[in-house]
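Next comes run_23.cif, with mmCIF, C-alpha atoms.
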```cif
data_structure
#
loop_
_atom_site.label_atom_id
_atom_site.label_comp_id
_atom_site.auth_asym_id
_atom_site.auth_seq_id
_atom_site.Cartn_x
_atom_site.Cartn_y
_atom_site.Cartn_z
CA MET Y 103 -174.13 -51.63 -56.23
CA GLY Y 104 -177.43 -53.40 -56.61
CA ARG Y 105 -178.23 -57.06 -56.83
CA HIS Y 106 -178.38 -58.58 -60.28
CA PRO Y 107 -179.08 -62.04 -61.73
CA VAL Y 108 -176.38 -64.52 -60.92
CA ASP Y 109 -173.24 -64.13 -63.06
CA LEU Y 110 -172.01 -67.69 -63.57
CA LEU Y 111 -168.64 -66.64 -64.99
CA SER Y 112 -167.77 -64.59 -61.92
CA LEU Y 113 -169.10 -67.30 -59.60
CA ILE Y 114 -167.16 -70.19 -61.12
CA ALA Y 115 -164.00 -68.12 -61.57
CA GLY Y 116 -164.29 -66.82 -58.01
CA LEU Y 117 -164.68 -70.31 -56.56
CA LEU Y 118 -161.78 -71.60 -58.66
CA PHE Y 119 -159.40 -68.82 -57.63
CA LEU Y 120 -160.58 -68.96 -54.02
CA GLY Y 121 -159.83 -72.69 -53.95
CA VAL Y 122 -156.39 -72.32 -55.48
CA GLY Y 123 -155.65 -69.35 -53.23
CA LEU Y 124 -156.57 -71.25 -50.06
CA LEU Y 125 -154.53 -74.23 -51.23
CA LEU Y 126 -151.48 -72.00 -51.75
CA LEU Y 127 -152.10 -70.19 -48.49
CA SER Y 128 -152.07 -73.47 -46.59
CA GLY Y 129 -148.85 -74.45 -48.35
CA GLY Y 130 -150.53 -77.58 -49.63
CA LEU Y 131 -149.65 -77.27 -53.31
CA GLY Y 132 -146.24 -78.79 -52.74
CA ASP Y 133 -147.87 -82.03 -51.66
CA LEU Y 134 -150.27 -81.98 -54.59
CA ALA Y 135 -148.77 -83.87 -57.49
CA LEU Y 136 -148.49 -81.85 -60.69
CA GLU Y 137 -150.03 -84.70 -62.67
CA TRP Y 138 -153.31 -83.97 -60.84
CA ALA Y 139 -153.05 -80.20 -60.36
CA GLY Y 140 -152.28 -79.51 -64.04
CA PRO Y 141 -155.35 -81.27 -65.46
CA ALA Y 142 -157.55 -79.78 -62.72
CA VAL Y 143 -156.52 -76.23 -63.64
CA ALA Y 144 -156.89 -77.00 -67.38
CA ILE Y 145 -160.41 -78.38 -66.85
CA GLY Y 146 -161.32 -75.37 -64.69
CA LEU Y 147 -160.13 -72.95 -67.38
CA GLY Y 148 -162.01 -74.94 -70.02
CA VAL Y 149 -165.26 -74.67 -68.03
CA LEU Y 150 -164.65 -70.92 -67.64
CA ILE Y 151 -164.18 -70.49 -71.40
CA ILE Y 152 -167.39 -72.44 -72.13
CA ILE Y 153 -169.33 -70.27 -69.68
CA ALA Y 154 -167.80 -67.11 -71.12
CA ALA Y 155 -168.50 -68.13 -74.73
CA ARG Y 156 -172.04 -69.42 -74.26
CA PRO Y 157 -174.65 -67.37 -76.14
CA SER Y 158 -176.70 -66.52 -73.05
CA ALA Y 159 -173.69 -64.71 -71.60
CA HIS Y 160 -173.89 -62.29 -74.52
CA HIS Y 161 -177.62 -61.83 -74.26
CA GLU Y 162 -178.00 -61.43 -70.55
CA HIS Y 163 -177.53 -57.66 -70.68
CA GLU Y 164 -179.66 -57.10 -73.75
CA MET C 126 -171.65 -62.84 -82.36
CA ILE C 127 -171.60 -59.83 -84.71
CA ARG C 128 -173.54 -57.02 -83.19
CA PRO C 129 -176.03 -55.14 -85.38
CA MET C 130 -174.96 -51.67 -86.43
CA THR C 131 -176.05 -48.84 -84.18
CA SER C 132 -176.07 -45.12 -84.68
CA GLN C 133 -172.68 -44.88 -83.03
CA ASP C 134 -171.20 -47.36 -85.49
CA THR C 135 -172.13 -45.15 -88.41
CA SER C 136 -170.76 -41.95 -86.94
CA GLY C 137 -167.12 -42.44 -87.75
CA HIS C 138 -166.88 -46.17 -86.89
CA LEU C 139 -164.89 -45.67 -83.71
CA LEU C 140 -162.64 -48.23 -82.08
CA ARG C 141 -164.08 -48.55 -78.60
CA ARG C 142 -164.36 -51.11 -75.84
CA ARG C 143 -167.86 -52.43 -75.43
CA THR C 144 -169.65 -51.50 -72.24
CA ASP C 145 -172.43 -53.99 -72.82
CA ASN C 146 -172.55 -57.42 -74.45
CA ARG C 147 -169.06 -57.99 -73.18
CA VAL C 148 -167.52 -61.04 -71.57
CA ILE C 149 -164.72 -59.45 -69.55
CA GLY C 150 -163.38 -56.02 -70.50
CA GLY C 151 -165.15 -55.50 -73.82
CA VAL C 152 -161.90 -55.46 -75.83
CA ALA C 153 -162.69 -58.40 -78.13
CA GLY C 154 -166.23 -57.11 -78.59
CA GLY C 155 -164.94 -53.65 -79.50
CA LEU C 156 -162.44 -55.08 -81.98
CA GLY C 157 -165.17 -57.25 -83.49
CA ASP C 158 -167.43 -54.22 -83.92
CA TYR C 159 -164.61 -52.18 -85.46
CA PHE C 160 -163.55 -54.83 -87.97
CA ASN C 161 -167.12 -56.13 -88.39
CA VAL C 162 -166.21 -59.72 -87.56
CA ASP C 163 -167.38 -62.07 -84.86
CA PRO C 164 -165.69 -61.08 -81.56
CA LEU C 165 -165.35 -64.79 -80.81
CA LEU C 166 -162.43 -64.83 -83.26
CA PHE C 167 -160.59 -62.23 -81.17
CA ARG C 168 -161.49 -64.08 -77.97
CA ILE C 169 -160.06 -67.31 -79.36
CA GLY C 170 -156.97 -65.37 -80.41
CA PHE C 171 -156.49 -63.89 -76.95
CA VAL C 172 -157.06 -67.25 -75.22
CA GLY C 173 -154.65 -68.93 -77.64
CA LEU C 174 -151.98 -66.34 -76.93
CA ILE C 175 -152.58 -66.75 -73.19
CA ILE C 176 -152.11 -70.51 -73.40
CA PHE C 177 -149.04 -70.32 -75.66
CA GLY C 178 -146.76 -68.03 -73.69
CA GLY C 179 -149.16 -65.67 -71.92
CA ALA C 180 -148.81 -62.76 -74.36
CA GLY C 181 -152.59 -62.64 -74.77
CA LEU C 182 -153.05 -61.38 -71.22
CA VAL C 183 -150.52 -58.60 -71.68
CA LEU C 184 -152.01 -57.57 -75.03
CA TYR C 185 -155.52 -57.65 -73.60
CA LEU C 186 -154.55 -55.51 -70.61
CA ILE C 187 -152.73 -53.02 -72.84
CA ALA C 188 -155.73 -52.78 -75.15
CA TRP C 189 -158.08 -52.46 -72.18
CA LEU C 190 -156.01 -49.57 -70.84
CA LEU C 191 -155.55 -47.81 -74.19
CA LEU C 192 -158.99 -48.19 -75.77
CA PRO C 193 -161.71 -45.78 -74.60
CA ALA C 194 -164.99 -47.29 -73.53
CA GLU C 195 -168.12 -46.73 -75.61
CA GLY C 196 -169.49 -43.27 -75.06
CA GLN C 197 -166.14 -41.87 -73.96
CA ASP C 198 -163.48 -40.00 -75.90
CA ALA C 199 -160.48 -40.89 -73.76
CA SER C 200 -158.94 -44.13 -72.56
CA MET C 201 -158.10 -44.84 -68.94
CA VAL C 202 -154.45 -44.03 -69.57
CA GLU C 203 -155.35 -40.72 -71.23
CA ARG C 204 -157.65 -39.74 -68.39
CA PHE C 205 -154.96 -40.64 -65.88
CA PHE C 206 -152.41 -38.44 -67.64
CA ARG C 207 -154.94 -35.64 -68.00
CA ARG C 208 -155.48 -35.69 -64.25
CA LEU C 209 -151.73 -35.30 -63.84
CA GLY C 210 -151.82 -32.32 -66.19
CA LEU C 211 -149.84 -34.13 -68.88
CA THR C 212 -151.12 -33.14 -72.31
CA PRO C 213 -150.43 -35.36 -75.35
CA ARG C 214 -147.84 -32.82 -76.53
CA ARG C 215 -145.92 -32.99 -73.25
CA LEU C 216 -146.22 -36.78 -73.18
CA GLY C 217 -144.86 -36.91 -76.69
CA TRP C 218 -141.81 -34.95 -75.65
CA ILE C 219 -141.29 -37.15 -72.59
CA ALA C 220 -141.55 -40.26 -74.78
CA VAL C 221 -139.06 -38.85 -77.27
CA VAL C 222 -136.59 -38.03 -74.48
CA LEU C 223 -137.06 -41.50 -72.92
CA VAL C 224 -136.59 -43.35 -76.19
CA ALA C 225 -133.58 -41.23 -77.06
CA SER C 226 -132.06 -41.86 -73.62
CA ILE C 227 -132.55 -45.62 -73.85
CA LEU C 228 -131.06 -45.75 -77.33
CA LEU C 229 -128.17 -43.58 -76.24
CA ILE C 230 -127.42 -45.67 -73.14
CA ASN C 231 -127.59 -48.93 -75.06
CA ALA C 232 -125.55 -47.62 -77.96
CA THR C 233 -122.80 -46.30 -75.69
CA SER C 234 -122.69 -49.34 -73.38
CA SER C 235 -123.02 -52.41 -75.57
CA GLY C 236 -123.50 -51.31 -79.13
CA MET C 237 -126.58 -51.04 -81.28
CA ALA C 238 -126.92 -54.81 -81.67
CA TYR C 239 -127.61 -55.04 -77.96
CA SER C 240 -130.11 -52.22 -78.07
CA MET C 241 -132.03 -53.91 -80.88
CA GLY C 242 -132.00 -57.33 -79.26
CA ILE C 243 -132.62 -57.06 -75.55
CA PRO C 244 -135.59 -54.77 -74.96
CA GLY C 245 -137.94 -56.71 -77.26
CA ALA C 246 -140.91 -56.14 -74.98
CA PHE C 247 -140.20 -52.40 -74.99
CA TRP C 248 -140.31 -52.30 -78.78
CA ALA C 249 -143.45 -54.42 -78.88
CA ILE C 250 -145.29 -52.20 -76.41
CA GLY C 251 -144.06 -49.13 -78.26
CA VAL C 252 -145.35 -50.44 -81.57
CA ILE C 253 -148.72 -51.37 -80.08
CA GLY C 254 -148.99 -47.96 -78.42
CA ALA C 255 -148.04 -46.18 -81.63
CA GLY C 256 -150.61 -48.21 -83.55
CA VAL C 257 -153.42 -47.39 -81.15
CA LEU C 258 -152.45 -43.70 -81.13
CA LEU C 259 -152.42 -43.66 -84.92
CA LEU C 260 -155.88 -45.20 -85.02
CA ARG C 261 -157.13 -42.67 -82.49
CA ARG C 262 -155.55 -39.84 -84.45
CA ARG C 263 -157.26 -40.99 -87.60
CA GLU C 264 -160.58 -41.09 -85.78
CA ALA C 265 -160.11 -37.62 -84.40
CA ARG C 266 -159.37 -36.02 -87.74
CA PRO C 267 -162.21 -33.49 -88.11
CA ALA C 268 -162.22 -33.43 -91.92
CA ALA C 269 -162.53 -37.19 -92.14
CA ALA C 270 -165.29 -37.22 -89.57
CA LEU C 271 -167.17 -34.51 -91.44
CA GLU C 272 -166.71 -36.37 -94.71
CA ALA C 273 -167.99 -39.57 -93.16
CA GLN C 274 -170.95 -37.71 -91.71
CA LEU C 275 -171.84 -36.18 -95.07
CA ALA C 276 -171.39 -39.45 -96.92
CA ALA C 277 -173.44 -41.48 -94.50
CA PRO C 278 -177.03 -42.13 -95.54
CA VAL C 279 -179.71 -40.66 -93.34
CA ARG C 280 -180.92 -43.32 -90.99
CA ALA C 281 -183.44 -43.35 -88.26
CA PRO C 282 -181.65 -42.94 -84.96
CA ALA C 283 -181.30 -46.29 -83.29
CA VAL C 284 -182.42 -46.59 -79.73
CA LYS C 285 -179.49 -47.63 -77.62
CA ALA C 286 -179.74 -48.73 -74.05
CA ALA C 287 -178.09 -46.45 -71.55
CA PRO C 288 -174.67 -47.77 -70.54
CA ARG C 289 -174.66 -49.66 -67.29
CA PRO C 290 -173.23 -47.62 -64.42
CA ARG C 291 -169.70 -48.57 -63.49
CA SER C 292 -169.41 -50.86 -60.51
CA PRO C 293 -166.89 -49.90 -57.82
CA LEU C 294 -166.55 -53.55 -56.77
CA GLY C 295 -163.32 -54.07 -58.75
CA TRP C 296 -161.65 -51.16 -56.98
CA TYR C 297 -162.88 -52.40 -53.60
CA ILE C 298 -161.42 -55.85 -54.29
CA LEU C 299 -158.13 -54.34 -55.47
CA ALA C 300 -157.97 -52.24 -52.30
CA ALA C 301 -158.81 -55.30 -50.19
CA LEU C 302 -156.05 -57.22 -51.97
CA PHE C 303 -153.38 -54.65 -51.09
CA LEU C 304 -154.69 -54.23 -47.55
CA SER C 305 -154.73 -57.97 -46.91
CA ILE C 306 -151.28 -58.57 -48.40
CA GLY C 307 -149.84 -55.64 -46.45
CA SER C 308 -151.48 -56.80 -43.21
CA PHE C 309 -150.31 -60.36 -43.84
CA ALA C 310 -146.72 -59.21 -44.33
CA LEU C 311 -146.90 -56.95 -41.28
CA PHE C 312 -148.30 -59.77 -39.16
CA SER C 313 -145.57 -62.15 -40.29
CA GLN C 314 -142.92 -59.56 -39.36
CA LEU C 315 -144.42 -58.80 -35.95
CA ALA C 316 -145.16 -62.41 -35.06
CA GLY C 317 -141.87 -63.66 -36.46
CA VAL C 318 -143.66 -66.16 -38.66
CA GLU C 319 -141.95 -67.06 -41.90
CA VAL C 320 -144.33 -66.66 -44.83
CA GLU C 321 -143.31 -68.14 -48.15
CA PRO C 322 -143.78 -66.22 -51.43
CA GLY C 323 -146.41 -68.68 -52.63
CA GLN C 324 -148.55 -67.93 -49.59
CA PHE C 325 -148.66 -64.21 -50.42
CA PHE C 326 -149.84 -65.06 -53.93
CA GLY C 327 -152.34 -67.48 -52.38
CA ALA C 328 -153.75 -64.72 -50.20
CA ALA C 329 -154.06 -62.45 -53.25
CA LEU C 330 -155.87 -65.12 -55.26
CA ALA C 331 -158.19 -65.89 -52.35
CA VAL C 332 -159.17 -62.20 -52.01
CA ILE C 333 -159.85 -61.95 -55.75
CA GLY C 334 -161.85 -65.19 -55.56
CA ILE C 335 -164.02 -63.86 -52.74
CA GLY C 336 -164.53 -60.62 -54.66
CA LEU C 337 -165.60 -62.47 -57.79
CA VAL C 338 -168.05 -64.62 -55.82
CA VAL C 339 -169.56 -61.41 -54.38
CA GLY C 340 -169.63 -59.99 -57.92
CA ALA C 341 -171.71 -62.96 -59.05
CA TRP C 342 -174.68 -61.29 -57.31
CA TRP C 343 -173.68 -57.70 -56.46
CA GLY C 344 -171.68 -55.34 -58.67
CA ARG C 345 -169.31 -56.46 -61.42
CA ALA C 346 -165.60 -57.18 -61.31
CA ARG C 347 -164.98 -59.54 -64.22
CA ILE C 348 -161.80 -57.72 -65.20
CA LEU C 349 -160.21 -59.23 -62.08
CA ILE C 350 -160.44 -62.65 -63.74
CA LEU C 351 -157.64 -61.41 -65.99
CA LEU C 352 -155.59 -60.27 -63.02
CA ALA C 353 -156.11 -63.64 -61.32
CA MET C 354 -155.10 -65.53 -64.48
CA LEU C 355 -151.98 -63.42 -64.63
CA LEU C 356 -151.23 -64.18 -60.97
CA LEU C 357 -152.02 -67.89 -61.20
CA PRO C 358 -148.84 -69.11 -62.97
CA LEU C 359 -146.73 -66.80 -60.81
CA ALA C 360 -148.43 -68.15 -57.69
CA VAL C 361 -147.93 -71.78 -58.65
CA THR C 362 -144.28 -71.10 -59.50
CA ALA C 363 -143.70 -69.17 -56.28
CA SER C 364 -145.27 -71.93 -54.19
CA PHE C 365 -142.36 -74.22 -55.12
CA VAL C 366 -139.75 -71.65 -54.14
CA THR C 367 -139.23 -72.77 -50.58
CA ALA C 368 -135.47 -72.10 -50.53
CA PRO C 369 -134.28 -68.82 -48.96
CA LEU C 370 -134.35 -65.81 -51.28
CA GLU C 371 -130.82 -64.72 -50.48
CA GLY C 372 -127.51 -64.32 -52.25
CA GLY C 373 -128.04 -62.56 -55.56
CA VAL C 374 -128.37 -63.84 -59.09
CA GLY C 375 -125.87 -65.33 -61.54
CA ASP C 376 -123.43 -68.17 -62.05
CA VAL C 377 -121.03 -68.45 -59.13
CA GLN C 378 -118.40 -70.97 -58.13
CA PHE C 379 -116.74 -71.43 -54.76
CA THR C 380 -113.55 -73.44 -54.39
CA PRO C 381 -112.43 -73.20 -50.77
CA THR C 382 -108.98 -74.57 -50.09
CA ASN C 383 -108.88 -74.32 -46.31
CA SER C 384 -111.23 -74.07 -43.34
CA ALA C 385 -110.89 -70.27 -43.21
CA GLU C 386 -112.25 -69.96 -46.73
CA LEU C 387 -115.06 -72.40 -46.11
CA ARG C 388 -118.38 -70.83 -45.17
CA GLY C 389 -121.24 -72.44 -43.32
CA GLU C 390 -123.82 -71.20 -45.83
CA TYR C 391 -123.90 -70.58 -49.56
CA ARG C 392 -127.01 -68.90 -50.97
CA LEU C 393 -128.18 -67.86 -54.41
CA ILE C 394 -131.57 -66.54 -55.52
CA GLY C 395 -131.27 -67.48 -59.16
CA GLY C 396 -128.67 -69.06 -61.44
CA ARG C 397 -126.05 -71.75 -60.90
CA LEU C 398 -124.05 -72.26 -57.76
CA VAL C 399 -121.09 -74.64 -57.85
CA LEU C 400 -119.40 -75.57 -54.59
CA ASP C 401 -116.18 -77.42 -55.34
CA LEU C 402 -114.76 -79.04 -52.20
CA THR C 403 -112.12 -81.13 -53.92
CA ASP C 404 -109.19 -78.84 -52.99
CA LEU C 405 -110.33 -78.32 -49.42
CA VAL C 406 -107.77 -79.22 -46.79
CA PRO C 407 -109.79 -79.33 -43.55
CA SER C 408 -108.17 -78.34 -40.27
CA THR C 409 -110.31 -80.78 -38.35
CA TRP C 410 -111.43 -84.34 -38.92
CA GLY C 411 -114.76 -83.66 -37.27
CA PRO C 412 -117.98 -83.21 -39.24
CA ILE C 413 -118.12 -80.22 -41.61
CA HIS C 414 -121.60 -78.69 -41.77
CA ILE C 415 -122.50 -76.80 -44.95
CA GLY C 416 -125.86 -75.37 -45.99
CA ALA C 417 -126.35 -74.36 -49.62
CA SER C 418 -129.40 -73.26 -51.57
CA VAL C 419 -130.50 -71.89 -54.92
CA ALA C 420 -134.07 -70.60 -55.01
CA LEU C 421 -134.35 -70.84 -58.80
CA GLY C 422 -131.64 -72.78 -60.60
CA GLN C 423 -128.97 -75.40 -60.20
CA LEU C 424 -126.89 -76.27 -57.16
CA VAL C 425 -123.83 -78.43 -57.76
CA VAL C 426 -121.58 -79.80 -55.02
CA ILE C 427 -118.35 -81.60 -55.95
CA LEU C 428 -116.80 -83.75 -53.22
CA PRO C 429 -113.32 -85.25 -52.99
CA ARG C 430 -112.96 -88.95 -53.71
CA GLY C 431 -113.64 -91.22 -50.77
CA ALA C 432 -115.29 -88.51 -48.65
CA SER C 433 -117.80 -89.48 -45.99
CA VAL C 434 -121.09 -87.64 -46.48
CA GLU C 435 -124.47 -87.12 -44.89
CA ILE C 436 -126.69 -85.35 -47.36
CA ARG C 437 -130.15 -83.92 -46.94
CA SER C 438 -131.50 -82.62 -50.24
CA ARG C 439 -134.80 -80.81 -50.84
CA VAL C 440 -136.17 -79.66 -54.19
CA GLY C 441 -139.53 -77.87 -54.59
CA ALA C 442 -139.89 -78.83 -58.25
CA GLY C 443 -137.18 -80.28 -60.46
CA ASP C 444 -134.43 -82.86 -60.14
CA THR C 445 -132.18 -84.40 -57.57
CA ILE C 446 -129.03 -86.16 -58.75
CA LEU C 447 -126.99 -87.72 -55.94
CA PHE C 448 -123.93 -89.55 -57.25
CA GLY C 449 -125.73 -90.47 -60.47
CA SER C 450 -129.01 -91.46 -58.82
CA PHE C 451 -131.68 -89.39 -60.54
CA ASP C 452 -135.05 -88.32 -59.14
CA THR C 453 -137.50 -85.85 -60.61
CA GLY C 454 -140.80 -84.35 -59.50
CA THR C 455 -142.19 -81.97 -56.90
CA SER C 456 -141.48 -81.76 -53.17
CA LEU C 457 -138.46 -84.04 -53.43
CA GLU C 458 -136.64 -84.85 -50.23
CA SER C 459 -133.66 -87.19 -50.27
CA ARG C 460 -131.17 -88.40 -47.70
CA TYR C 461 -127.89 -90.06 -48.46
CA VAL C 462 -125.21 -91.37 -46.09
CA ARG C 463 -121.82 -92.74 -47.09
CA THR C 464 -119.15 -93.50 -44.52
CA HIS C 465 -115.46 -94.13 -45.01
CA ALA C 466 -112.87 -95.00 -42.44
CA TYR C 467 -110.81 -91.83 -42.71
CA GLY C 468 -111.32 -88.10 -43.31
CA PRO C 469 -114.01 -85.71 -42.12
CA THR C 470 -117.72 -86.21 -42.75
CA TYR C 471 -119.38 -83.57 -44.95
CA VAL C 472 -122.85 -82.87 -43.56
CA LEU C 473 -124.65 -81.14 -46.41
CA ASP C 474 -128.07 -79.47 -46.23
CA LEU C 475 -128.91 -78.69 -49.87
CA GLN C 476 -131.97 -76.95 -51.22
CA SER C 477 -133.36 -75.80 -54.55
CA GLY C 478 -136.79 -74.20 -54.96
CA ILE C 479 -137.26 -74.81 -58.65
CA GLY C 480 -134.30 -76.42 -60.37
CA GLU C 481 -131.76 -79.08 -59.54
CA VAL C 482 -129.55 -80.32 -56.75
CA MET C 483 -126.57 -82.34 -57.95
CA VAL C 484 -123.82 -83.92 -55.85
CA GLU C 485 -120.88 -85.60 -57.55
CA THR C 486 -117.49 -86.96 -56.68
CA GLU C 487 -114.54 -85.29 -58.38
CA GLY C 488 -113.79 -86.64 -61.83
CA ALA C 489 -117.23 -88.25 -62.13
CA GLY C 490 -118.38 -85.67 -64.67
CA GLY C 491 -122.02 -85.35 -65.60
CA PHE C 492 -122.47 -81.64 -64.90
#
```

Show me the file's structure as structure tokens.
Amino acid sequence: MGRHPVDLLSLIAGLLFLGVGLLLLSGGLGDLALEWAGPAVAIGLGVLIIIAARPSAHHEHE
Amino acid sequence: MIRPMTSQDTSGHLLRRRTDNRVIGGVAGGLGDYFNVDPLLFRIGFVGLIIFGGAGLVLYLIAWLLLPAEGQDASMVERFFRRLGLTPRRLGWIAVVLVASILLINATSSGMAYSMGIPGAFWAIGVIGAGVLLLRRREARPAAALEAQLAAPVRAPAVKAAPRPRSPLGWYILAALFLSIGSFALFSQLAGVEVEPGQFFGAALAVIGIGLVVGAWWGRARILILLAMLLLPLAVTASFVTAPLEGGVGDVQFTPTNSAELRGEYRLIGGRLVLDLTDLVPSTWGPIHIGASVALGQLVVILPRGASVEIRSRVGAGDTILFGSFDTGTSLESRYVRTHAYGPTYVLDLQSGIGEVMVETEGAGGF
């Protein structure tokens, strides 16, 4: 399992899920209003899709 | 991006998951290669289906499990069954027996209309599985392959990069996920600490997140993004379920008429719980303490006219309606006190995880 160039998709997704996971683990989501949490998750997923669909993501293994 | 044809594409045009030039599991890329269209179309389709109902995730996972990777002749499911010694012929017989049993049970219990209506997911998965098997069967037909080989023009063999070795990181993360969840549950049992369902999901998402961050530099585990996206809505939903998971599922109504029939606690996991106290003849004029909760669903309490009440109501996400006063949102906590000169005081501790808490006086209607 060698080192490879940074994989942005995994990095961003990992940080996003780690953040949400820690928030849930601390029981803090209940205090977080849905009107803020919903857009935050939508924006996060949008960024993920852009990273996944960018041309360099397809070429990086070529 | 449509990938240029390679030698493998010409030799029978096989439906395979990509092992390179993929974004997550190579399913959309493989479908794009097979149908000779831009894989982005399939990716948009999967994402669209994920957003509108979540079916895209299920379809993607099924396809990922059923489609062999490039350079392989068997899918993960096939290899798993082969290891168990289950040949396609035996599996076919098992499937036939299972389908026949399900049809028989449904037909004898609730009629054929029930059997055609309820297990929609079963039919869908069956159709998808049959479709993939048919495609694979067509590929495997030796005569067709030979014909294709003879008909194909002679081309110079294309140089194809060796497939990247599989990374064990995904399996390590999956193992870490189960180990951490198991340890977390064990610790909560031993220490007597109450852990809510949302916190277990949170721990799972955190482990996957750490694994993906590691995978950004060492190994690859992008397929776990799918698993995390599947867990995410469940985790968010579960985080609001703070009411006890006790009492079964369904629509239940309690109408106690005397103190002996009255219980201190009424619990339901999912559904509608109605506690009608209008016919209750209490044996004491002291306070009557009642706790009631519905983890997922509606809790309705009907009080006699002129009753004194002290209400504490908590709702994770949903509505609270106390004598017509409406509140909606997340983490709702309400208190209500009403005192009359005579009769006992009903001290109510009401809870709903996701759903509604409603308290009404008899004859007020509205539920």

Given the choices C:Pro369, C:Gly334, C:Gly295, C:Pro381, which gets closest to Gly121 in chain Y if the distance is worked out from only C-alpha atoms?
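Using only C-alpha atoms, the shortest distance to Gly121 in chain Y belongs to C:Gly334.
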
Nearest-residue call for Trp342 in chain C, choices C:Leu294, C:Ser450, C:Ser408, C:Val318, using only C-alpha atoms
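Checking each of C:Leu294, C:Ser450, C:Ser408, C:Val318 against Trp342 in chain C, counting only C-alpha atoms, the winner is C:Leu294.
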
Considering only C-alpha atoms, tabulate each residue of chain C that lies at most 9 Å from chain Y along with its nearest interatomic pair and the corresponding distance in Å to one decimal; arrange the rows by chain and ascending residue number and present them as CSV.
```
residue,atom,partner,partner_atom,distance
C:Met126,CA,Y:His160,CA,8.2
C:Asp145,CA,Y:His163,CA,6.6
C:Asn146,CA,Y:His160,CA,5.1
C:Arg147,CA,Y:His160,CA,6.6
C:Val148,CA,Y:Ala154,CA,6.1
C:Ile149,CA,Y:Ala154,CA,8.4
C:Leu165,CA,Y:Ala155,CA,7.6
C:Arg168,CA,Y:Ala155,CA,8.7
C:Val172,CA,Y:Ile151,CA,8.7
C:Ala286,CA,Y:Glu164,CA,8.4
C:Ser292,CA,Y:Met103,CA,6.4
C:Pro293,CA,Y:Met103,CA,7.6
C:Leu294,CA,Y:Met103,CA,7.8
C:Glu321,CA,Y:Gly129,CA,8.4
C:Gly323,CA,Y:Leu126,CA,6.1
C:Gln324,CA,Y:Leu127,CA,4.3
C:Phe325,CA,Y:Leu127,CA,7.2
C:Phe326,CA,Y:Gly123,CA,7.3
C:Gly327,CA,Y:Gly123,CA,3.9
C:Ala328,CA,Y:Gly123,CA,5.9
C:Ala329,CA,Y:Gly123,CA,7.1
C:Leu330,CA,Y:Gly123,CA,4.7
C:Ala331,CA,Y:Leu120,CA,4.2
C:Val332,CA,Y:Leu120,CA,7.2
C:Ile333,CA,Y:Gly116,CA,7.0
C:Gly334,CA,Y:Gly116,CA,3.8
C:Ile335,CA,Y:Gly116,CA,6.1
C:Gly336,CA,Y:Gly116,CA,7.1
C:Leu337,CA,Y:Gly116,CA,4.5
C:Val338,CA,Y:Leu113,CA,4.8
C:Val339,CA,Y:Leu113,CA,7.9
C:Gly340,CA,Y:Ser112,CA,6.4
C:Ala341,CA,Y:Asp109,CA,4.4
C:Trp342,CA,Y:Val108,CA,5.1
C:Trp343,CA,Y:Arg105,CA,4.6
C:Gly344,CA,Y:Met103,CA,5.1
C:Arg345,CA,Y:Ser112,CA,8.3
C:Ala346,CA,Y:Ser112,CA,7.7
C:Arg347,CA,Y:Ser112,CA,6.2
C:Ile350,CA,Y:Ala115,CA,6.9
C:Ala353,CA,Y:Phe119,CA,7.2
C:Met354,CA,Y:Phe119,CA,8.7
C:Leu357,CA,Y:Phe119,CA,8.3
C:Ala360,CA,Y:Leu126,CA,7.7
C:Val361,CA,Y:Leu126,CA,7.8
C:Ser364,CA,Y:Leu126,CA,6.7
C:Phe365,CA,Y:Gly132,CA,6.5
C:Gly441,CA,Y:Gly132,CA,7.0
C:Ala442,CA,Y:Gly132,CA,8.4
C:Gly454,CA,Y:Leu136,CA,8.2
C:Thr455,CA,Y:Gly132,CA,6.6
C:Ser456,CA,Y:Gly132,CA,5.6
```

What would the selection look like, as a count of residues only, if the PyMOL selection byres ((chain C and resi 186) around 12) were run on the coordinates I just shared?
32

Tell me, in Å to one decimal, how far CA of Gly157 in chain C is from CA of Glu203 in chain C.
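It comes out at 22.8 Å.
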
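One finds CA of Val484 in chain C at 7.5 Å from CA of Leu428 in chain C.
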
Neighbour list for Val482 in chain C as a short mmCIF file (atom, residue, chain, number, x, y, z; two decimals) with C-alpha atoms, in the coordinates of the input, cut-off 8 Å, all atoms listed in the file, skip fewer than 2 positions in-chain:
```cif
data_model
loop_
_atom_site.label_atom_id
_atom_site.label_comp_id
_atom_site.auth_asym_id
_atom_site.auth_seq_id
_atom_site.Cartn_x
_atom_site.Cartn_y
_atom_site.Cartn_z
CA GLN C 423 -128.97 -75.40 -60.20
CA LEU C 424 -126.89 -76.27 -57.16
CA VAL C 425 -123.83 -78.43 -57.76
CA SER C 438 -131.50 -82.62 -50.24
CA ARG C 439 -134.80 -80.81 -50.84
CA VAL C 440 -136.17 -79.66 -54.19
CA ASP C 444 -134.43 -82.86 -60.14
CA THR C 445 -132.18 -84.40 -57.57
CA ILE C 446 -129.03 -86.16 -58.75
CA LEU C 447 -126.99 -87.72 -55.94
CA LEU C 475 -128.91 -78.69 -49.87
CA GLN C 476 -131.97 -76.95 -51.22
CA SER C 477 -133.36 -75.80 -54.55
CA GLY C 480 -134.30 -76.42 -60.37
CA VAL C 484 -123.82 -83.92 -55.85
#
```

For Tyr391 in chain C, the nearest of the candidates C:Ile306, C:Leu370, C:Ala363, C:Ala199, counting only C-alpha atoms:
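Closest to Tyr391 in chain C, using only C-alpha atoms: C:Leu370.
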